[in-house]
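Okay, start.csv is below, CSV, C-alpha atoms:
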```
chain,number,residue,atom,x,y,z
A,148,MET,CA,77.1,102.9,91.1
A,149,LEU,CA,75.9,101.3,94.4
A,150,VAL,CA,77.8,98.1,93.6
A,151,ASN,CA,81.0,100.1,93.0
A,152,ILE,CA,80.6,102.0,96.3
A,153,LEU,CA,80.0,98.8,98.2
A,154,PHE,CA,83.2,97.3,96.6
A,155,LEU,CA,85.2,100.4,97.6
A,156,VAL,CA,83.9,100.6,101.1
A,157,ILE,CA,84.0,96.9,101.9
A,158,GLY,CA,87.4,96.6,100.3
A,159,LEU,CA,88.8,99.5,102.3
A,160,ALA,CA,87.4,98.2,105.6
A,161,VAL,CA,88.8,94.8,105.0
A,162,LEU,CA,92.1,96.2,103.8
A,163,VAL,CA,92.6,98.3,106.9
A,164,TRP,CA,91.6,95.6,109.2
A,165,SER,CA,93.7,92.9,107.6
A,166,ALA,CA,96.7,95.1,107.5
A,167,ASP,CA,96.4,95.7,111.2
A,168,ARG,CA,96.1,91.9,111.9
A,169,PHE,CA,99.0,91.1,109.6
A,170,VAL,CA,101.3,93.6,111.4
A,171,TYR,CA,100.1,92.3,114.7
A,172,GLY,CA,100.9,88.7,113.8
A,173,ALA,CA,104.2,89.5,112.1
A,174,ALA,CA,105.4,91.6,115.1
A,175,ALA,CA,104.3,89.0,117.6
A,176,PHE,CA,106.0,86.2,115.6
A,177,ALA,CA,109.2,88.2,115.3
A,178,ARG,CA,109.2,88.8,119.1
A,179,ASN,CA,108.7,85.1,119.7
A,180,LEU,CA,111.7,84.4,117.4
A,181,GLY,CA,113.8,86.5,119.7
A,182,LEU,CA,114.4,89.5,117.4
A,183,PRO,CA,115.2,92.7,119.3
A,184,PRO,CA,112.1,94.9,119.9
A,185,MET,CA,113.9,97.9,118.5
A,186,LEU,CA,114.5,96.1,115.2
A,187,ILE,CA,110.9,95.0,115.1
A,188,GLY,CA,109.7,98.5,115.8
A,189,LEU,CA,111.8,100.0,113.1
A,190,THR,CA,110.8,97.5,110.4
A,191,ILE,CA,107.5,95.6,110.8
A,192,VAL,CA,105.6,98.1,112.9
A,193,ALA,CA,106.9,101.1,111.1
A,194,MET,CA,106.0,99.7,107.7
A,195,GLY,CA,102.7,98.3,108.8
A,196,SER,CA,100.7,101.5,108.2
A,197,SER,CA,101.8,101.5,104.5
A,198,ALA,CA,100.6,98.0,103.8
A,199,PRO,CA,97.3,99.2,102.3
A,200,GLU,CA,99.2,101.5,99.9
A,201,MET,CA,101.6,98.7,98.9
A,202,PHE,CA,98.9,96.2,98.1
A,203,VAL,CA,96.7,98.8,96.3
A,204,ALA,CA,99.7,99.9,94.2
A,205,ALA,CA,100.6,96.4,93.3
A,206,THR,CA,97.0,95.5,92.3
A,207,ALA,CA,96.5,98.7,90.3
A,208,SER,CA,99.9,98.2,88.5
A,209,MET,CA,99.0,94.6,87.6
A,210,GLU,CA,95.8,95.9,86.1
A,211,GLY,CA,97.7,98.4,84.0
A,212,MET,CA,96.7,101.4,86.1
A,213,SER,CA,100.1,102.7,87.1
A,214,ASP,CA,98.9,106.3,87.3
A,215,THR,CA,96.5,105.2,90.0
A,216,ALA,CA,99.3,103.5,91.9
A,217,ILE,CA,101.5,106.6,91.6
A,218,GLY,CA,98.6,108.9,92.5
A,219,ASN,CA,98.0,106.7,95.6
A,220,VAL,CA,101.6,107.3,96.8
A,221,LEU,CA,101.6,111.0,96.1
A,222,GLY,CA,98.1,111.6,97.4
A,223,SER,CA,98.7,109.5,100.6
A,224,ASN,CA,101.9,111.4,101.4
A,225,VAL,CA,100.1,114.7,101.1
A,226,ALA,CA,97.1,113.4,103.1
A,227,ASN,CA,99.3,112.0,105.8
A,228,ILE,CA,100.8,115.4,106.5
A,229,THR,CA,97.9,117.8,105.8
A,230,LEU,CA,94.8,115.7,106.7
A,231,ILE,CA,96.1,113.2,109.2
A,232,LEU,CA,98.6,115.4,111.1
A,233,GLY,CA,96.1,118.3,110.7
A,234,ILE,CA,93.3,116.4,112.5
A,235,THR,CA,95.8,115.0,115.1
A,236,ALA,CA,97.2,118.5,115.9
A,237,LEU,CA,93.7,119.8,116.4
A,238,LEU,CA,93.2,117.3,119.1
A,239,GLY,CA,96.2,118.8,121.0
A,240,ALA,CA,99.7,120.2,120.5
A,241,LEU,CA,102.2,117.6,119.4
A,242,SER,CA,105.7,117.8,121.0
A,243,VAL,CA,108.8,116.4,119.4
A,244,THR,CA,111.7,115.2,121.5
A,245,SER,CA,113.1,112.3,119.5
A,246,GLU,CA,116.5,112.7,117.9
A,247,THR,CA,115.7,109.8,115.6
A,248,LEU,CA,112.7,111.6,114.2
A,249,LYS,CA,114.7,114.8,113.7
A,250,ARG,CA,117.1,112.7,111.6
A,251,GLU,CA,114.3,110.9,109.7
A,252,ILE,CA,112.5,114.0,108.5
A,253,PRO,CA,115.4,115.3,106.3
A,254,LEU,CA,115.7,111.8,105.0
A,255,MET,CA,112.0,111.8,104.0
A,256,ILE,CA,112.7,115.0,102.0
A,257,ALA,CA,115.7,113.5,100.4
A,258,ALA,CA,113.7,110.4,99.3
A,259,THR,CA,111.0,112.7,97.9
A,260,VAL,CA,113.6,114.6,95.9
A,261,LEU,CA,115.0,111.4,94.5
A,262,ALA,CA,111.5,110.2,93.4
A,263,GLY,CA,110.8,113.6,91.8
A,264,TYR,CA,114.0,113.4,89.9
A,265,LEU,CA,113.1,110.0,88.5
A,266,LEU,CA,109.6,111.2,87.6
A,267,HIS,CA,110.7,114.5,85.9
A,268,ASP,CA,111.1,112.9,82.5
A,269,GLY,CA,107.5,111.7,82.5
A,270,ILE,CA,108.5,108.0,82.7
A,271,LEU,CA,108.8,105.6,85.6
A,272,SER,CA,111.0,102.8,84.2
A,273,ARG,CA,111.9,99.5,85.6
A,274,THR,CA,115.4,100.9,86.3
A,275,ASP,CA,113.8,103.8,88.3
A,276,GLY,CA,111.9,101.2,90.3
A,277,TRP,CA,115.1,99.3,91.2
A,278,ILE,CA,116.7,102.6,92.1
A,279,LEU,CA,113.9,103.5,94.5
A,280,LEU,CA,113.8,100.0,96.0
A,281,SER,CA,117.6,100.0,96.5
A,282,ALA,CA,117.4,103.4,98.1
A,283,PHE,CA,114.7,102.1,100.5
A,284,PHE,CA,116.8,99.1,101.6
A,285,ALA,CA,119.9,101.3,102.0
A,286,LEU,CA,118.0,103.8,104.1
A,287,MET,CA,116.4,101.1,106.3
A,288,GLY,CA,119.9,99.7,106.8
A,289,TYR,CA,121.2,103.1,107.8
A,290,LEU,CA,118.3,103.7,110.3
A,291,ILE,CA,118.7,100.2,111.8
A,292,TYR,CA,122.5,100.7,112.2
A,293,GLN,CA,122.0,104.1,113.8
A,294,ALA,CA,119.4,102.7,116.2
A,295,LEU,CA,121.5,99.7,117.2
A,296,SER,CA,124.7,101.8,117.7
A,297,ASN,CA,123.0,104.6,119.6
A,298,LYS,CA,122.8,103.7,123.3
A,299,THR,CA,121.1,107.0,124.3
A,300,PRO,CA,117.4,106.5,125.2
A,301,ASP,CA,115.1,107.9,122.5
A,302,ALA,CA,111.4,108.6,122.8
A,303,LEU,CA,110.4,107.4,119.4
A,304,THR,CA,112.3,104.1,119.8
A,305,ASP,CA,110.8,103.5,123.3
A,306,GLU,CA,107.3,104.3,122.1
A,307,SER,CA,107.6,102.0,119.0
A,308,GLU,CA,108.8,99.1,121.1
A,309,ALA,CA,105.8,99.6,123.5
A,310,GLU,CA,103.5,98.9,120.5
A,311,ILE,CA,104.9,95.4,119.9
A,312,PRO,CA,102.4,92.8,121.2
A,313,THR,CA,103.6,90.5,124.0
A,314,GLY,CA,102.5,87.1,125.2
A,315,VAL,CA,100.9,86.1,121.9
A,316,PRO,CA,101.2,82.3,121.2
A,317,THR,CA,103.2,81.5,118.0
A,318,TRP,CA,100.2,79.6,116.4
A,319,ARG,CA,98.0,82.7,116.8
A,320,ALA,CA,100.7,85.0,115.4
A,321,ILE,CA,101.0,82.7,112.3
A,322,PHE,CA,97.2,82.6,112.0
A,323,TRP,CA,97.0,86.4,111.7
A,324,ILE,CA,99.9,86.4,109.3
A,325,LEU,CA,98.1,84.0,107.0
A,326,VAL,CA,94.8,85.9,107.4
A,327,GLY,CA,96.6,89.1,106.3
A,328,MET,CA,98.3,87.4,103.3
A,329,VAL,CA,94.9,86.2,102.0
A,330,LEU,CA,92.8,89.2,102.7
A,331,LEU,CA,95.2,92.0,101.9
A,332,PRO,CA,95.5,91.3,98.1
A,333,LEU,CA,91.8,90.3,97.9
A,334,SER,CA,90.6,93.5,99.6
A,335,ALA,CA,93.0,95.7,97.6
A,336,ASP,CA,91.5,94.2,94.4
A,337,TRP,CA,87.9,95.0,95.6
A,338,MET,CA,88.9,98.6,96.5
A,339,VAL,CA,90.6,99.2,93.1
A,340,ASP,CA,87.7,97.7,91.2
A,341,GLY,CA,85.2,99.9,93.1
A,342,ALA,CA,87.3,103.0,92.6
A,343,VAL,CA,87.7,102.4,88.9
A,344,GLY,CA,83.9,101.9,88.5
A,345,ILE,CA,83.3,105.2,90.3
A,346,ALA,CA,86.0,107.0,88.3
A,347,LYS,CA,84.4,105.9,85.0
A,348,ILE,CA,80.9,107.1,86.1
A,349,PHE,CA,82.2,110.6,87.1
A,350,GLY,CA,84.9,110.8,84.3
A,351,LEU,CA,87.8,110.9,86.7
A,352,SER,CA,91.3,110.0,85.5
A,353,ASP,CA,93.3,107.1,86.9
A,354,LEU,CA,95.6,109.7,88.6
A,355,VAL,CA,92.8,111.6,90.3
A,356,ILE,CA,91.1,108.5,91.7
A,357,GLY,CA,94.5,107.5,93.2
A,358,LEU,CA,95.2,111.0,94.5
A,359,THR,CA,91.8,111.4,96.2
A,360,ILE,CA,89.5,108.5,97.2
A,361,ILE,CA,92.1,105.8,97.3
A,362,ALA,CA,94.8,108.0,98.9
A,363,VAL,CA,92.5,109.1,101.7
A,364,GLY,CA,91.2,105.6,102.3
A,365,THR,CA,94.7,104.0,102.5
A,366,SER,CA,95.8,106.7,104.9
A,367,LEU,CA,93.2,105.7,107.5
A,368,PRO,CA,95.7,103.4,109.4
A,369,GLU,CA,97.9,106.5,109.9
A,370,LEU,CA,95.0,108.4,111.3
A,371,ALA,CA,94.1,105.7,113.7
A,372,ALA,CA,97.8,105.4,114.8
A,373,CYS,CA,98.2,109.1,115.2
A,374,VAL,CA,95.0,109.6,117.2
A,375,ALA,CA,96.0,106.6,119.4
A,376,GLY,CA,99.5,108.1,119.9
A,377,VAL,CA,98.0,111.4,121.0
A,378,MET,CA,95.6,109.7,123.5
A,379,LYS,CA,98.6,107.8,125.0
A,380,LYS,CA,100.7,111.0,125.0
A,381,GLU,CA,103.1,109.3,122.6
A,382,HIS,CA,103.6,112.4,120.4
A,383,ASP,CA,106.9,111.3,118.8
A,384,LEU,CA,105.3,108.0,117.7
A,385,ALA,CA,102.3,109.9,116.2
A,386,ILE,CA,104.6,112.0,114.0
A,387,GLY,CA,107.0,109.1,113.5
A,388,ASN,CA,104.2,107.0,112.0
A,389,ILE,CA,103.6,109.7,109.4
A,390,VAL,CA,107.3,110.2,108.5
A,391,GLY,CA,108.0,106.4,108.4
A,392,SER,CA,104.9,105.8,106.2
A,393,ASN,CA,105.9,108.6,103.8
A,394,ILE,CA,109.4,107.2,103.4
A,395,PHE,CA,108.1,103.7,102.8
A,396,ASN,CA,105.5,105.1,100.3
A,397,ILE,CA,107.9,107.2,98.2
A,398,LEU,CA,110.6,104.6,98.0
A,399,ALA,CA,109.2,101.1,98.3
A,400,VAL,CA,105.6,101.6,97.2
A,401,MET,CA,106.5,104.0,94.3
A,402,ALA,CA,108.9,101.3,93.1
A,403,LEU,CA,106.1,98.8,92.4
A,404,PRO,CA,104.5,100.5,89.3
A,405,GLY,CA,108.0,100.9,87.9
A,406,LEU,CA,108.8,97.2,88.4
A,407,ILE,CA,105.4,95.8,87.5
A,408,ALA,CA,104.1,98.2,84.8
A,409,PRO,CA,106.9,100.6,83.7
A,410,GLY,CA,105.9,103.4,81.3
A,411,GLU,CA,104.7,106.9,80.9
A,412,VAL,CA,103.4,108.9,83.9
A,413,ASP,CA,100.6,111.5,83.9
A,414,ALA,CA,102.2,114.9,83.4
A,415,GLN,CA,100.3,116.3,86.4
A,416,ALA,CA,101.9,113.7,88.7
A,417,SER,CA,105.4,114.7,87.9
A,418,SER,CA,104.7,118.4,88.1
A,419,ARG,CA,101.8,119.6,90.3
A,420,ASP,CA,101.4,116.6,92.6
A,421,PHE,CA,105.1,115.9,93.2
A,422,TYR,CA,105.7,119.5,94.1
A,423,MET,CA,102.8,119.3,96.5
A,424,VAL,CA,104.4,116.3,98.2
A,425,LEU,CA,107.7,118.2,98.4
A,426,ALA,CA,106.1,121.4,99.7
A,427,THR,CA,104.2,119.6,102.4
A,428,SER,CA,107.3,117.6,103.4
A,429,CYS,CA,109.3,120.7,103.7
A,430,ALA,CA,106.5,122.4,105.6
A,431,LEU,CA,106.5,119.5,108.2
A,432,ALA,CA,110.3,119.9,108.5
A,433,ILE,CA,110.0,123.6,109.2
A,434,LEU,CA,107.1,123.2,111.6
A,435,VAL,CA,108.8,120.4,113.6
A,436,LEU,CA,112.5,121.4,113.4
A,437,SER,CA,112.1,125.2,113.6
A,438,SER,CA,109.1,125.6,116.0
A,439,GLY,CA,111.1,127.0,118.9
A,440,ALA,CA,112.4,125.3,122.0
A,441,LYS,CA,109.2,123.3,122.6
A,442,LYS,CA,109.3,121.8,119.0
A,443,GLN,CA,105.5,121.6,118.8
A,444,LEU,CA,102.8,121.2,116.2
A,445,THR,CA,100.0,123.4,117.7
A,446,ARG,CA,96.3,123.5,117.0
A,447,TRP,CA,96.9,126.5,114.8
A,448,HIS,CA,99.4,124.5,112.7
A,449,GLY,CA,96.8,121.7,112.5
A,450,ALA,CA,94.1,124.1,111.2
A,451,VAL,CA,96.5,125.4,108.5
A,452,LEU,CA,97.4,121.8,107.4
A,453,LEU,CA,93.8,120.8,107.2
A,454,LEU,CA,92.9,123.9,105.1
A,455,THR,CA,95.8,123.1,102.8
A,456,PHE,CA,94.4,119.6,102.3
A,457,ILE,CA,90.9,121.0,101.4
A,458,VAL,CA,92.3,123.5,98.9
A,459,TYR,CA,94.5,120.8,97.3
A,460,GLN,CA,91.4,118.6,96.8
A,461,VAL,CA,89.5,121.5,95.2
A,462,VAL,CA,92.4,122.1,92.8
A,463,ILE,CA,92.6,118.4,91.8
A,464,PHE,CA,88.9,118.1,91.0
A,465,SER,CA,88.8,121.5,89.3
A,466,ALA,CA,91.7,120.5,87.0
A,467,ASN,CA,90.2,117.0,86.1
```

What is this structure when it is put down as structure tokens?
Amino acid sequence: MLVNILFLVIGLAVLVWSADRFVYGAAAFARNLGLPPMLIGLTIVAMGSSAPEMFVAATASMEGMSDTAIGNVLGSNVANITLILGITALLGALSVTSETLKREIPLMIAATVLAGYLLHDGILSRTDGWILLSAFFALMGYLIYQALSNKTPDALTDESEAEIPTGVPTWRAIFWILVGMVLLPLSADWMVDGAVGIAKIFGLSDLVIGLTIIAVGTSLPELAACVAGVMKKEHDLAIGNIVGSNIFNILAVMALPGLIAPGEVDAQASSRDFYMVLATSCALAILVLSSGAKKQLTRWHGAVLLLTFIVYQVVIFSAN
């Protein structure tokens, strides 16, 4: 038991750290190549917080644990909105001014509906995986086109660009890219092995371990990013990290188990857990887009979101 916990904790710590270093190096390298900061912010930086989910999903799928990979995606998306935004909102009301963000939230819901439609037959096939991945690239292309063609200043774009490192030597950027490429898959393997060991001891299913321990663990980068955003008064970036991560998870990360280990999906994932993801995504849209002139997530909203996360965890473990 202790060995499994050590594998899980060490794997998680190294996974989060190496993901941060990889994104840092990749963003710095892209800037040194002369790519527009806006493009870097919309791609490398925006996807960076989902790197842990991606590597865990790939590792679990290659080990034949596609339910863990799917559970990680669904659980992370729920945790991002209820746990991460809940904690963040408790630190102080979050104001939304970005038009880009107001456009991305409905797209997040549309992506969630697409994934739910593909899961409803209880099978995530290789074709489903390609559909999700194609939708991801199409959506990214649309967002990049909108950003490049829109000359009006936008809070989310400005805040994202401010996060891109400057003055980093190319050799150092490449060094951190290589470090991330080595440690990300290695730490993901440690984390999955530890989680599987714990699951066997407590009799947890592959889906539940993905929905709970792994999902919360891989959401830690989003928590760090959101708290940092609040401290810097970059509220749009804090919520934008959540929305961007959820889009990346539901389309790009969810595609991996379909492409690597297609097959049947736990019935709870395509019913209970998918609808929880859809409900929390719609709740975020209502809170952000219909919260009056100020467009704020208040401390009261944060408390409700956090309570929702706790109740969901109780339901999951009770049904296991």

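Interatomic distance, atom CA of A:Pro332 against atom CA of A:Trp164: 12.5 Å.
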
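Comparing A:Leu182, A:Ala385, A:Met148, A:Ala198 by their smallest distance to A:Ala399, the closest is A:Ala198 (using only C-alpha atoms).
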
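The closest residue to A:Leu384, picked from A:Leu325, A:Ile234, A:Ala372, A:Met255 and counting all atoms listed in the file, is A:Ala372.
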
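The coordinates place atom CA of A:Ala346 at 18.7 Å from atom CA of A:Ala414.
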
With a distance cut-off of 8 Å and only C-alpha atoms, select the neighbouring residues of A:Thr317, excluding the residue or stretch itself and same-chain residues fewer than 5 positions from it, and output the selection as a compact mmCIF listing (two decimals) with C-alpha atoms, in the frame of the given file.
```
# COMPACT_ATOMS: atom_id res chain seq x y z
CA ALA A 175 104.30 89.00 117.60
CA PHE A 176 106.00 86.20 115.60
CA ASN A 179 108.70 85.10 119.70
```

Per residue of stretch 219-290 of chain A within 10 Å of stretch 449-455 of chain A, what are the shortest atom pair and its distance in Å to one decimal, counting only C-alpha atoms, with rows by chain and residue number, as JSON lines?
```
{"residue": "A:Val225", "atom": "CA", "partner": "A:Thr455", "partner_atom": "CA", "distance": 9.6}
{"residue": "A:Ala226", "atom": "CA", "partner": "A:Leu453", "partner_atom": "CA", "distance": 9.1}
{"residue": "A:Ile228", "atom": "CA", "partner": "A:Leu452", "partner_atom": "CA", "distance": 7.3}
{"residue": "A:Thr229", "atom": "CA", "partner": "A:Leu452", "partner_atom": "CA", "distance": 4.3}
{"residue": "A:Leu230", "atom": "CA", "partner": "A:Leu453", "partner_atom": "CA", "distance": 5.2}
{"residue": "A:Ile231", "atom": "CA", "partner": "A:Leu453", "partner_atom": "CA", "distance": 8.2}
{"residue": "A:Leu232", "atom": "CA", "partner": "A:Gly449", "partner_atom": "CA", "distance": 6.7}
{"residue": "A:Gly233", "atom": "CA", "partner": "A:Gly449", "partner_atom": "CA", "distance": 3.9}
{"residue": "A:Ile234", "atom": "CA", "partner": "A:Gly449", "partner_atom": "CA", "distance": 6.4}
{"residue": "A:Thr235", "atom": "CA", "partner": "A:Gly449", "partner_atom": "CA", "distance": 7.3}
{"residue": "A:Ala236", "atom": "CA", "partner": "A:Gly449", "partner_atom": "CA", "distance": 4.7}
{"residue": "A:Leu237", "atom": "CA", "partner": "A:Gly449", "partner_atom": "CA", "distance": 5.3}
{"residue": "A:Leu238", "atom": "CA", "partner": "A:Gly449", "partner_atom": "CA", "distance": 8.7}
{"residue": "A:Gly239", "atom": "CA", "partner": "A:Gly449", "partner_atom": "CA", "distance": 9.0}
{"residue": "A:Ala240", "atom": "CA", "partner": "A:Gly449", "partner_atom": "CA", "distance": 8.6}
{"residue": "A:Leu241", "atom": "CA", "partner": "A:Gly449", "partner_atom": "CA", "distance": 9.7}
```
